[in-house]
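Engineer: This is the content of start30.cif (mmCIF, C-alpha atoms and all ligand atoms):
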```cif
data_work
#
loop_
_atom_site.label_atom_id
_atom_site.label_comp_id
_atom_site.auth_asym_id
_atom_site.auth_seq_id
_atom_site.Cartn_x
_atom_site.Cartn_y
_atom_site.Cartn_z
CA MET Y 14 -87.52 258.78 -31.37
CA SER Y 15 -85.68 259.51 -34.63
CA THR Y 16 -86.79 257.67 -37.74
CA HIS Y 17 -83.38 257.52 -39.40
CA THR Y 18 -82.41 254.14 -40.78
CA PRO Y 19 -79.24 253.16 -38.92
CA GLU Y 20 -76.28 251.70 -40.73
CA PRO Y 21 -76.55 247.89 -40.58
CA PRO Y 22 -74.03 246.45 -38.11
CA SER Y 23 -70.61 245.72 -39.58
CA PRO Y 24 -69.92 241.99 -40.12
CA ARG Y 25 -66.97 242.48 -37.75
CA PHE Y 26 -69.32 243.45 -34.90
CA ILE Y 27 -71.59 240.48 -35.68
CA ARG Y 28 -68.58 238.12 -35.69
CA GLU Y 29 -67.31 239.55 -32.37
CA ALA Y 30 -70.70 239.17 -30.72
CA ARG Y 31 -71.10 235.63 -32.11
CA ARG Y 32 -67.60 234.70 -30.83
CA ARG Y 33 -68.34 236.02 -27.35
CA ILE Y 34 -71.73 234.27 -27.26
CA ALA Y 35 -70.08 230.98 -28.29
CA ALA Y 36 -67.47 231.37 -25.53
CA ALA Y 37 -69.80 232.54 -22.74
CA ARG Y 38 -70.47 230.17 -19.85
CA ALA Y 39 -73.41 232.20 -18.58
CA ILE Y 40 -75.67 234.23 -20.86
CA ALA Y 41 -78.55 236.47 -19.82
CA VAL Y 42 -80.97 237.97 -22.31
CA LEU Y 43 -83.32 240.92 -21.67
CA THR Y 44 -86.07 241.47 -24.22
CA GLY Y 45 -88.64 244.19 -24.72
CA ALA Y 46 -91.49 244.94 -27.08
CA GLY Y 47 -89.13 245.28 -30.05
CA MET Y 48 -88.49 241.53 -29.81
CA SER Y 49 -92.11 240.93 -30.87
CA ALA Y 50 -92.38 243.82 -33.33
CA ASP Y 51 -91.39 241.49 -36.18
CA SER Y 52 -94.29 239.23 -35.16
CA GLY Y 53 -96.70 242.12 -35.69
CA VAL Y 54 -97.19 242.97 -32.01
CA PRO Y 55 -97.11 246.77 -31.57
CA THR Y 56 -94.47 248.29 -29.30
CA PHE Y 57 -95.40 250.84 -26.64
CA ARG Y 58 -93.24 253.82 -27.57
CA GLY Y 59 -91.84 255.13 -30.82
CA ALA Y 60 -93.64 256.29 -33.95
CA THR Y 61 -96.23 253.49 -34.05
CA GLY Y 62 -96.26 252.61 -30.36
CA LEU Y 63 -99.42 251.84 -28.41
CA TRP Y 64 -98.89 254.72 -26.03
CA ARG Y 65 -99.14 257.07 -29.04
CA THR Y 66 -102.78 256.10 -29.48
CA HIS Y 67 -103.81 254.92 -26.03
CA ARG Y 68 -103.56 256.62 -22.64
CA ALA Y 69 -101.41 254.40 -20.42
CA GLU Y 70 -102.65 256.09 -17.26
CA GLU Y 71 -106.27 255.32 -18.21
CA LEU Y 72 -105.67 251.69 -19.05
CA ALA Y 73 -102.64 250.09 -17.39
CA THR Y 74 -103.03 251.15 -13.74
CA PRO Y 75 -104.90 249.73 -10.72
CA GLU Y 76 -106.78 253.03 -10.44
CA ALA Y 77 -108.01 252.70 -14.03
CA PHE Y 78 -109.20 249.17 -13.32
CA SER Y 79 -111.09 250.10 -10.17
CA ARG Y 80 -112.57 253.13 -11.98
CA ASP Y 81 -113.67 251.26 -15.11
CA PRO Y 82 -112.82 247.53 -15.18
CA ARG Y 83 -114.82 247.00 -18.35
CA LEU Y 84 -112.77 249.61 -20.30
CA VAL Y 85 -109.54 247.99 -19.12
CA TRP Y 86 -110.76 244.48 -19.96
CA GLU Y 87 -111.88 245.65 -23.42
CA TRP Y 88 -108.41 247.07 -24.06
CA TYR Y 89 -106.66 243.88 -22.92
CA ASP Y 90 -109.09 241.76 -24.93
CA TRP Y 91 -108.21 243.83 -28.01
CA ARG Y 92 -104.47 243.30 -27.31
CA ARG Y 93 -105.08 239.56 -26.74
CA GLY Y 94 -106.68 239.45 -30.21
CA LEU Y 95 -103.58 241.09 -31.76
CA ILE Y 96 -101.24 238.72 -29.95
CA ALA Y 97 -103.34 235.62 -30.72
CA ALA Y 98 -102.69 236.33 -34.43
CA ALA Y 99 -98.92 236.63 -33.83
CA ARG Y 100 -96.38 233.84 -34.13
CA PRO Y 101 -92.84 233.76 -32.77
CA ASN Y 102 -90.36 235.28 -35.24
CA ALA Y 103 -86.84 234.14 -36.17
CA GLY Y 104 -85.46 236.08 -33.22
CA HIS Y 105 -87.63 234.20 -30.71
CA ASP Y 106 -86.72 230.90 -32.37
CA ALA Y 107 -82.99 231.69 -32.29
CA LEU Y 108 -83.09 232.44 -28.55
CA ALA Y 109 -84.79 229.08 -27.87
CA VAL Y 110 -82.09 227.29 -29.90
CA LEU Y 111 -79.32 229.22 -28.12
CA GLU Y 112 -80.80 228.29 -24.73
CA ARG Y 113 -80.63 224.56 -25.54
CA PHE Y 114 -77.11 224.91 -27.00
CA VAL Y 115 -75.73 226.69 -23.92
CA GLU Y 116 -77.42 224.38 -21.43
CA GLN Y 117 -76.41 221.19 -23.27
CA ARG Y 118 -72.77 222.16 -22.82
CA GLY Y 119 -73.30 222.85 -19.10
CA GLY Y 120 -73.64 226.62 -19.32
CA ARG Y 121 -76.32 228.87 -17.80
CA PHE Y 122 -78.92 230.70 -19.89
CA THR Y 123 -81.54 233.06 -18.46
CA LEU Y 124 -84.17 234.78 -20.55
CA ILE Y 125 -85.69 237.86 -18.92
CA THR Y 126 -88.57 239.48 -20.74
CA GLN Y 127 -90.69 242.57 -20.24
CA ASN Y 128 -93.13 241.18 -22.79
CA VAL Y 129 -96.44 239.70 -21.73
CA ASP Y 130 -97.26 238.06 -25.08
CA GLY Y 131 -95.97 234.56 -24.28
CA LEU Y 132 -94.16 234.33 -27.64
CA HIS Y 133 -90.86 233.24 -26.07
CA THR Y 134 -92.60 230.22 -24.49
CA GLU Y 135 -94.35 229.47 -27.76
CA ALA Y 136 -90.95 229.49 -29.51
CA GLY Y 137 -89.61 226.91 -27.05
CA SER Y 138 -87.85 229.01 -24.40
CA ARG Y 139 -88.25 226.92 -21.27
CA ARG Y 140 -88.24 229.27 -18.27
CA PRO Y 141 -88.61 232.92 -19.31
CA LEU Y 142 -88.69 235.34 -16.38
CA GLU Y 143 -91.81 237.35 -17.27
CA LEU Y 144 -91.14 240.54 -15.33
CA HIS Y 145 -94.42 242.21 -16.27
CA GLY Y 146 -96.73 239.18 -16.24
CA ASN Y 147 -98.55 237.34 -18.99
CA ILE Y 148 -101.55 238.54 -20.99
CA TRP Y 149 -103.03 235.01 -21.13
CA MET Y 150 -103.18 234.82 -17.33
CA MET Y 151 -105.69 236.32 -14.92
CA ARG Y 152 -105.62 236.99 -11.17
CA CYS Y 153 -108.56 237.14 -8.78
CA THR Y 154 -108.87 240.53 -7.08
CA ALA Y 155 -110.34 238.76 -4.03
CA CYS Y 156 -108.49 235.49 -3.43
CA HIS Y 157 -105.50 236.22 -5.73
CA ALA Y 158 -105.76 232.83 -7.45
CA VAL Y 159 -104.02 232.89 -10.86
CA SER Y 160 -105.58 231.16 -13.88
CA THR Y 161 -105.02 230.96 -17.62
CA ASP Y 162 -107.69 231.76 -20.20
CA ARG Y 163 -106.77 231.88 -23.87
CA ARG Y 164 -110.27 232.54 -25.22
CA VAL Y 165 -110.31 235.27 -27.92
CA PRO Y 166 -112.45 237.25 -27.66
CA LEU Y 167 -113.25 237.00 -23.97
CA PRO Y 168 -116.93 236.93 -22.99
CA LEU Y 169 -117.03 240.38 -21.34
CA ALA Y 170 -120.82 240.77 -21.24
CA PRO Y 171 -122.98 240.76 -19.37
CA GLU Y 172 -120.49 239.86 -16.63
CA LEU Y 173 -116.74 240.51 -16.51
CA PRO Y 174 -114.49 237.46 -15.91
CA ALA Y 175 -115.10 235.96 -12.46
CA CYS Y 176 -112.95 233.66 -10.32
CA ALA Y 177 -113.99 229.99 -10.58
CA ARG Y 178 -112.93 229.50 -6.95
CA CYS Y 179 -114.53 232.44 -5.13
CA GLY Y 180 -116.50 234.40 -7.71
CA GLY Y 181 -114.29 237.48 -7.31
CA LEU Y 182 -113.60 239.85 -10.21
CA LEU Y 183 -110.63 238.70 -12.27
CA ARG Y 184 -108.00 241.17 -13.56
CA PRO Y 185 -105.23 240.68 -16.12
CA HIS Y 186 -102.16 239.10 -14.47
CA ILE Y 187 -100.05 242.02 -15.65
CA VAL Y 188 -97.84 244.40 -13.63
CA TRP Y 189 -99.42 247.84 -14.08
CA PHE Y 190 -97.79 251.23 -13.68
CA GLY Y 191 -97.34 251.94 -9.97
CA GLU Y 192 -97.38 248.25 -9.01
CA SER Y 193 -94.43 246.18 -7.78
CA LEU Y 194 -92.96 243.28 -9.67
CA ASP Y 195 -92.95 239.80 -8.15
CA PRO Y 196 -89.89 240.00 -5.83
CA THR Y 197 -88.83 236.43 -6.62
CA ILE Y 198 -88.87 237.05 -10.36
CA ILE Y 199 -86.97 240.33 -10.21
CA GLN Y 200 -84.39 238.84 -7.84
CA SER Y 201 -83.81 235.95 -10.27
CA ALA Y 202 -83.35 238.51 -13.06
CA VAL Y 203 -80.85 240.54 -11.03
CA ASP Y 204 -78.98 237.35 -10.05
CA ALA Y 205 -78.76 236.30 -13.71
CA ALA Y 206 -77.66 239.76 -14.91
CA THR Y 207 -74.93 240.08 -12.27
CA ALA Y 208 -73.62 236.53 -12.74
CA CYS Y 209 -73.50 236.38 -16.55
CA ASP Y 210 -70.50 236.76 -18.84
CA LEU Y 211 -72.69 238.28 -21.54
CA LEU Y 212 -75.96 240.20 -21.46
CA LEU Y 213 -77.92 240.48 -24.72
CA VAL Y 214 -80.41 243.37 -24.64
CA ILE Y 215 -82.99 243.14 -27.42
CA GLY Y 216 -85.76 245.52 -28.39
CA THR Y 217 -86.24 247.66 -25.32
CA SER Y 218 -86.26 251.44 -24.95
CA GLY Y 219 -84.69 251.04 -21.51
CA VAL Y 220 -87.02 253.53 -19.84
CA VAL Y 221 -89.00 251.35 -17.42
CA GLN Y 222 -87.48 250.27 -14.12
CA PRO Y 223 -86.31 247.93 -12.71
CA ALA Y 224 -85.63 246.21 -16.07
CA ALA Y 225 -83.80 249.31 -17.31
CA SER Y 226 -81.12 248.90 -14.63
CA LEU Y 227 -80.17 245.33 -15.54
CA ALA Y 228 -77.73 246.38 -18.26
CA SER Y 229 -75.70 248.63 -15.94
CA MET Y 230 -75.81 245.98 -13.18
CA ALA Y 231 -74.44 243.40 -15.63
CA ARG Y 232 -71.69 245.70 -16.89
CA GLU Y 233 -70.63 246.64 -13.36
CA ALA Y 234 -70.42 242.94 -12.55
CA GLY Y 235 -68.07 242.38 -15.49
CA ALA Y 236 -70.39 241.21 -18.26
CA TRP Y 237 -70.06 242.20 -21.90
CA VAL Y 238 -73.30 243.95 -22.91
CA VAL Y 239 -74.57 243.88 -26.47
CA GLU Y 240 -77.74 245.56 -27.71
CA VAL Y 241 -79.90 244.64 -30.69
CA ASN Y 242 -82.20 247.52 -31.62
CA PRO Y 243 -82.70 249.81 -34.64
CA GLU Y 244 -82.28 252.67 -32.15
CA ARG Y 245 -79.54 252.84 -29.53
CA SER Y 246 -81.66 252.63 -26.33
CA ALA Y 247 -80.14 250.64 -23.51
CA GLY Y 248 -77.83 253.44 -22.45
CA PRO Y 249 -74.12 253.77 -21.62
CA ALA Y 250 -73.78 250.25 -20.25
CA VAL Y 251 -73.76 248.80 -23.77
CA HIS Y 252 -70.35 247.76 -25.15
CA CYS Y 253 -71.65 246.92 -28.62
CA TRP Y 254 -74.77 248.19 -30.39
CA LEU Y 255 -75.97 246.06 -33.30
CA ALA Y 256 -78.34 248.36 -35.18
CA GLY Y 257 -81.16 246.33 -36.67
CA ARG Y 258 -84.27 244.25 -36.19
CA ALA Y 259 -84.34 241.32 -33.78
CA ALA Y 260 -85.65 238.87 -36.37
CA ASP Y 261 -82.71 239.74 -38.66
CA ILE Y 262 -79.83 240.16 -36.22
CA VAL Y 263 -80.44 237.59 -33.45
CA PRO Y 264 -80.28 234.48 -35.69
CA ARG Y 265 -76.93 235.75 -37.01
CA LEU Y 266 -75.53 235.77 -33.46
CA LEU Y 267 -75.93 232.02 -33.03
CA PRO Y 268 -72.59 230.18 -32.74
CA GLU Y 269 -71.14 228.87 -36.03
CA ALA Y 270 -72.12 225.30 -35.10
CA LEU Y 271 -75.75 226.39 -35.16
CA GLN Y 272 -75.57 228.50 -38.28
CA ALA Y 273 -75.32 225.55 -40.69
CA GLY Y 274 -78.76 224.00 -40.24
CA ARG Y 275 -78.54 223.91 -36.50
CA LYS Y 276 -76.04 221.04 -36.24
CA GLY Y 277 -74.54 220.34 -32.80
CA ILE Y 278 -77.63 220.13 -30.65
CA SER Y 279 -80.55 217.76 -30.32
CA GLU Y 280 -84.01 219.24 -30.46
CA ALA Y 281 -84.71 217.79 -26.98
N1 LIG Y 301 -86.24 244.73 -33.40
C1 LIG Y 301 -85.60 245.19 -32.29
N2 LIG Y 301 -85.98 246.32 -31.62
C2 LIG Y 301 -87.03 247.00 -32.12
C3 LIG Y 301 -87.74 246.60 -33.27
C4 LIG Y 301 -87.31 245.41 -33.92
N3 LIG Y 301 -87.92 244.96 -35.03
N4 LIG Y 301 -88.75 247.50 -33.49
C5 LIG Y 301 -88.66 248.43 -32.50
N5 LIG Y 301 -87.64 248.14 -31.68
C6 LIG Y 301 -87.20 248.84 -30.48
C7 LIG Y 301 -87.48 250.32 -30.44
O1 LIG Y 301 -86.42 251.05 -31.03
C8 LIG Y 301 -87.56 250.56 -28.92
O2 LIG Y 301 -86.27 250.85 -28.39
O3 LIG Y 301 -87.94 248.28 -29.43
C9 LIG Y 301 -88.04 249.22 -28.35
C10 LIG Y 301 -89.47 249.24 -27.87
O4 LIG Y 301 -89.53 250.11 -26.77
P1 LIG Y 301 -90.89 250.21 -25.93
O5 LIG Y 301 -92.04 250.33 -26.88
O6 LIG Y 301 -90.67 251.26 -24.90
O7 LIG Y 301 -91.05 248.78 -25.23
P2 LIG Y 301 -90.32 248.26 -23.93
O8 LIG Y 301 -88.94 248.80 -23.81
O9 LIG Y 301 -90.49 246.81 -23.92
O10 LIG Y 301 -91.23 248.92 -22.77
C11 LIG Y 301 -90.99 248.50 -21.45
O11 LIG Y 301 -93.00 249.68 -20.74
O12 LIG Y 301 -95.18 250.21 -21.26
C12 LIG Y 301 -94.38 249.41 -20.45
O13 LIG Y 301 -94.91 247.33 -19.50
C13 LIG Y 301 -94.63 247.96 -20.71
O14 LIG Y 301 -93.05 246.12 -20.80
C14 LIG Y 301 -93.31 247.44 -21.27
C15 LIG Y 301 -92.30 248.44 -20.70
#
```
Take the structure in the file and write it out as structure tokens.
Ligand code: APR
Structural biologist:
Amino acid sequence: MSTHTPEPPSPRFIREARRRIAAARAIAVLTGAGMSADSGVPTFRGATGLWRTHRAEELATPEAFSRDPRLVWEWYDWRRGLIAAARPNAGHDALAVLERFVEQRGGRFTLITQNVDGLHTEAGSRRPLELHGNIWMMRCTACHAVSTDRRVPLPLAPELPACARCGGLLRPHIVWFGESLDPTIIQSAVDAATACDLLLVIGTSGVVQPAASLASMAREAGAWVVEVNPERSAGPAVHCWLAGRAADIVPRLLPEALQAGRKGISEA
């Protein structure tokens, strides 16, 4: 990953993207860890990414959990602590405003995220498709019941989290390497990507499937694909790369009506 500072996007590109967003009847958005970087949540790859200092295969796999559930819980508890201190940034807020704007005029808006931090929901996004799960949720390894626990830190001693219903060992409700995504969620994401007029790809390195294929699926289905990222990452499907940080660029993509103090929509 190069560390060059890309040229900021030309105002012409920003205007073109804003015009297309204002005109789109159906918008899909795919976000990755870079969306939350401006909230202080570390990304996975790149110079300061988590995978630089932690071994993914020893932490984010079912084998790692069965081998040493306490080590895996301690790592997720540490990440929960980082995320608990984070707040949605201006990019998260802008996407929540855009969602209301599009839907109030009868359009379709689908937010697809690879992030497990819950910051889109906290910013007001109403139905994010969380492809990789949610770090505040847990799943029983015995009865598969899903629960939410926002305690930070988690009481991990002497016992690891246990299911209130059956007493089984709880695991993070996260999709680990080698596991399948929820088929309903990924189908909804594919449906949104292949039915949209515009796909906005924000803060993802585009290396993890199936999320990485959504941009090419959208382009093949006729959508205009725009990427917001300091590095060009989402591959050849992108029509327009806006080089920069999500918290800086995304608010500038809101339609003109929303730029001047967010006129034109109710906060409902
Ligand atoms: N604004 C926008 N993009 C940014 C910012 C920022 N402020 N800072 C970094 N980025 C970009 C990086 O250039 C990189 O392309 O965000 C991307 C982060 O890439 P990854 O760390 O690979 O994160 P992501 O693409 O979400 O990873 C996908 O991999 O490890 C698994 O399950 C994990 O969901 C994750 C998946």
Engineer: Would you name the residues within 6 Å of ligand LIG 301 (chain Y), counting only C-alpha atoms and all ligand atoms, and put them as a list in words?
Structural biologist: Gly45, Ala46, Gly47, Met48, Ala50, Asp51, Thr56, Phe57, Arg58, Gly62, Gln127, Asn128, Ile215, Gly216, Thr217, Ser218, Gly219, Val221, Val241, Asn242, Pro243, Glu244, Ser246, Arg258 and Ala259 of chain Y
Engineer: Could I get the residues of stretch 127-223 of chain Y with an atom no further than 9 Å from an atom of stretch 89-109 of chain Y, each paired with its nearest atom pair and that distance in Å to one decimal, using all atoms listed in the file, sorted by chain and residue number, as a Markdown table?
Structural biologist:
```
| residue | atom | partner | partner_atom | distance |
| --- | --- | --- | --- | --- |
| Y:Asp130 | CA | Y:Ile96 | CA | 6.3 |
| Y:Gly131 | CA | Y:Ile96 | CA | 8.8 |
| Y:Leu132 | CA | Y:Pro101 | CA | 5.3 |
| Y:His133 | CA | Y:His105 | CA | 5.7 |
| Y:Thr134 | CA | Y:Ala109 | CA | 8.6 |
| Y:Glu135 | CA | Y:Pro101 | CA | 6.8 |
| Y:Ala136 | CA | Y:Asp106 | CA | 5.3 |
| Y:Gly137 | CA | Y:Ala109 | CA | 5.3 |
| Y:Ser138 | CA | Y:Ala109 | CA | 4.6 |
| Y:Arg139 | CA | Y:Ala109 | CA | 7.8 |
| Y:Ile148 | CA | Y:Arg93 | CA | 6.8 |
| Y:Trp149 | CA | Y:Arg93 | CA | 7.5 |
| Y:Arg163 | CA | Y:Arg93 | CA | 8.4 |
| Y:Arg164 | CA | Y:Arg93 | CA | 8.9 |
| Y:Val165 | CA | Y:Gly94 | CA | 6.0 |
| Y:Pro166 | CA | Y:Asp90 | CA | 6.3 |
| Y:Leu167 | CA | Y:Asp90 | CA | 6.4 |
| Y:Leu169 | CA | Y:Asp90 | CA | 8.8 |
| Y:Pro185 | CA | Y:Tyr89 | CA | 7.7 |
```
Engineer: Hey, can you check how far atom CA of Y:Gly120 sits from atom CA of Y:Ala234?
Structural biologist: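 Value for the atom CA of Y:Gly120-atom CA of Y:Ala234 distance: 18.0 Å.
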Engineer: Give me the residues within 8 Å of stretch 24-34 of chain Y as a list of chain:residue names, counting only C-alpha atoms and dropping any in the same chain fewer than 3 places off.
Structural biologist: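 Neighbouring residues, sequence-local ones excluded: Y:Ala37, Y:Ile40, Y:Leu211, Y:Val239, Y:Cys253, Y:Leu255, Y:Arg265, Y:Leu266, Y:Leu267, Y:Pro268, Y:Glu269.
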Engineer: Check the smallest atom-to-atom distance from each of Y:Ala208, Y:Pro249, Y:Phe78, Y:Val159 to Y:Ala231 using all atoms listed in the file, then report the winner.
Structural biologist: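 The shortest atom-to-atom distance to Y:Ala231 comes from Y:Ala208.
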Engineer: Name all residues at most 8 Å from Y:Cys156 (count all atoms listed in the file; drop same-chain ones fewer than 2 positions away) and give them as a CSV table (one decimal) with C-alpha atoms, in the frame of the given file.
Structural biologist:
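In the end it all went to part29.csv:
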```
chain,number,residue,atom,x,y,z
Y,153,CYS,CA,-108.6,237.1,-8.8
Y,154,THR,CA,-108.9,240.5,-7.1
Y,158,ALA,CA,-105.8,232.8,-7.4
Y,179,CYS,CA,-114.5,232.4,-5.1
Y,181,GLY,CA,-114.3,237.5,-7.3
```
Engineer: Contacts of Y:Val85 at 10 Å or less, counting all atoms listed in the file, minus same-chain residues fewer than 6 places along, as a ChimeraX atom specification?
Structural biologist: /Y:71-75,77-79,91,184-185
Engineer: Store the residues picked out above, limited to C-alpha atoms, as a PDB file, in the frame of the given file.
Structural biologist:
```pdb
ATOM      1  CA  GLU Y  71    -106.270 255.320 -18.210  1.00  0.00           C
ATOM      2  CA  LEU Y  72    -105.670 251.690 -19.050  1.00  0.00           C
ATOM      3  CA  ALA Y  73    -102.640 250.090 -17.390  1.00  0.00           C
ATOM      4  CA  THR Y  74    -103.030 251.150 -13.740  1.00  0.00           C
ATOM      5  CA  PRO Y  75    -104.900 249.730 -10.720  1.00  0.00           C
ATOM      6  CA  ALA Y  77    -108.010 252.700 -14.030  1.00  0.00           C
ATOM      7  CA  PHE Y  78    -109.200 249.170 -13.320  1.00  0.00           C
ATOM      8  CA  SER Y  79    -111.090 250.100 -10.170  1.00  0.00           C
ATOM      9  CA  TRP Y  91    -108.210 243.830 -28.010  1.00  0.00           C
ATOM     10  CA  ARG Y 184    -108.000 241.170 -13.560  1.00  0.00           C
ATOM     11  CA  PRO Y 185    -105.230 240.680 -16.120  1.00  0.00           C
TER      12      PRO Y 185
END
```
Engineer: Atom CA of Y:Ser160 to atom CA of Y:Cys176: how many Å, to one decimal?
Structural biologist: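 Computing the Euclidean distance for atom CA of Y:Ser160 and atom CA of Y:Cys176 yields 8.6 Å.
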Engineer: Can you measure atom CA of Y:Ile199 to atom CA of Y:Thr126 for me? One decimal in Å is fine.
Structural biologist: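 Calculated distance between atom CA of Y:Ile199 and atom CA of Y:Thr126 is 10.7 Å.
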Engineer: Which residue is closest to Y:Leu227? Choose from Y:Ile125, Y:Leu194, Y:Leu84, Y:Pro168 and count all atoms listed in the file.
Structural biologist: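 For Y:Leu227, the nearest of the given residues is Y:Ile125.
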Engineer: Up to 12 Å from (-75.1, 225.4, -19.3) in the file's coordinates: name the residues, counting only C-alpha atoms, as a PyMOL selection string.
Structural biologist: chain Y and resi 35-41+111-123+209
Engineer: Would you please work out which residue, of Y:Glu233, Y:Asp81, Y:Glu70, Y:Asp204, is nearest to Y:Leu142 when using all atoms listed in the file?
Structural biologist: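 Ranking Y:Glu233, Y:Asp81, Y:Glu70, Y:Asp204 by distance to Y:Leu142, first place goes to Y:Asp204.
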Engineer: Y:Ala228: which residues within 10 Å, counting all atoms listed in the file, same-chain residues fewer than 6 positions away excluded, as a list in words?
Structural biologist: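 Using all atoms listed in the file, the neighbours found are Val42, Leu43, Val203, Ala206, Thr207, Leu212, Leu213, Val214, Gly219, Ala234, Ala236, Trp237, Val238, Val239, Glu240, Ala247, Gly248, Pro249, Ala250 and Val251 of chain Y.
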Engineer: Could those selected residues go to a file with C-alpha atoms, as an mmCIF file, in the coordinates of the input?
Structural biologist:
```
data_model
loop_
_atom_site.group_PDB
_atom_site.id
_atom_site.type_symbol
_atom_site.label_atom_id
_atom_site.label_comp_id
_atom_site.auth_asym_id
_atom_site.auth_seq_id
_atom_site.Cartn_x
_atom_site.Cartn_y
_atom_site.Cartn_z
ATOM 1 C CA VAL Y 42 -80.970 237.970 -22.310
ATOM 2 C CA LEU Y 43 -83.320 240.920 -21.670
ATOM 3 C CA VAL Y 203 -80.850 240.540 -11.030
ATOM 4 C CA ALA Y 206 -77.660 239.760 -14.910
ATOM 5 C CA THR Y 207 -74.930 240.080 -12.270
ATOM 6 C CA LEU Y 212 -75.960 240.200 -21.460
ATOM 7 C CA LEU Y 213 -77.920 240.480 -24.720
ATOM 8 C CA VAL Y 214 -80.410 243.370 -24.640
ATOM 9 C CA GLY Y 219 -84.690 251.040 -21.510
ATOM 10 C CA ALA Y 234 -70.420 242.940 -12.550
ATOM 11 C CA ALA Y 236 -70.390 241.210 -18.260
ATOM 12 C CA TRP Y 237 -70.060 242.200 -21.900
ATOM 13 C CA VAL Y 238 -73.300 243.950 -22.910
ATOM 14 C CA VAL Y 239 -74.570 243.880 -26.470
ATOM 15 C CA GLU Y 240 -77.740 245.560 -27.710
ATOM 16 C CA ALA Y 247 -80.140 250.640 -23.510
ATOM 17 C CA GLY Y 248 -77.830 253.440 -22.450
ATOM 18 C CA PRO Y 249 -74.120 253.770 -21.620
ATOM 19 C CA ALA Y 250 -73.780 250.250 -20.250
ATOM 20 C CA VAL Y 251 -73.760 248.800 -23.770
#
```
Engineer: Which residue gives the smallest distance to Y:Pro21 among Y:Glu192, Y:Glu172, Y:Asp261, Y:Asp162, with all atoms listed in the file counted?
Structural biologist: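 Of Y:Glu192, Y:Glu172, Y:Asp261, Y:Asp162, the one nearest Y:Pro21, counting all atoms listed in the file, is Y:Asp261.
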Engineer: For Y:His252, which of Y:Pro223, Y:Gly235, Y:Pro264, Y:Gly59 is the closest residue, counting only C-alpha atoms?
Structural biologist: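 Looking only at the distances to Y:His252, the closest residue turns out to be Y:Gly235.
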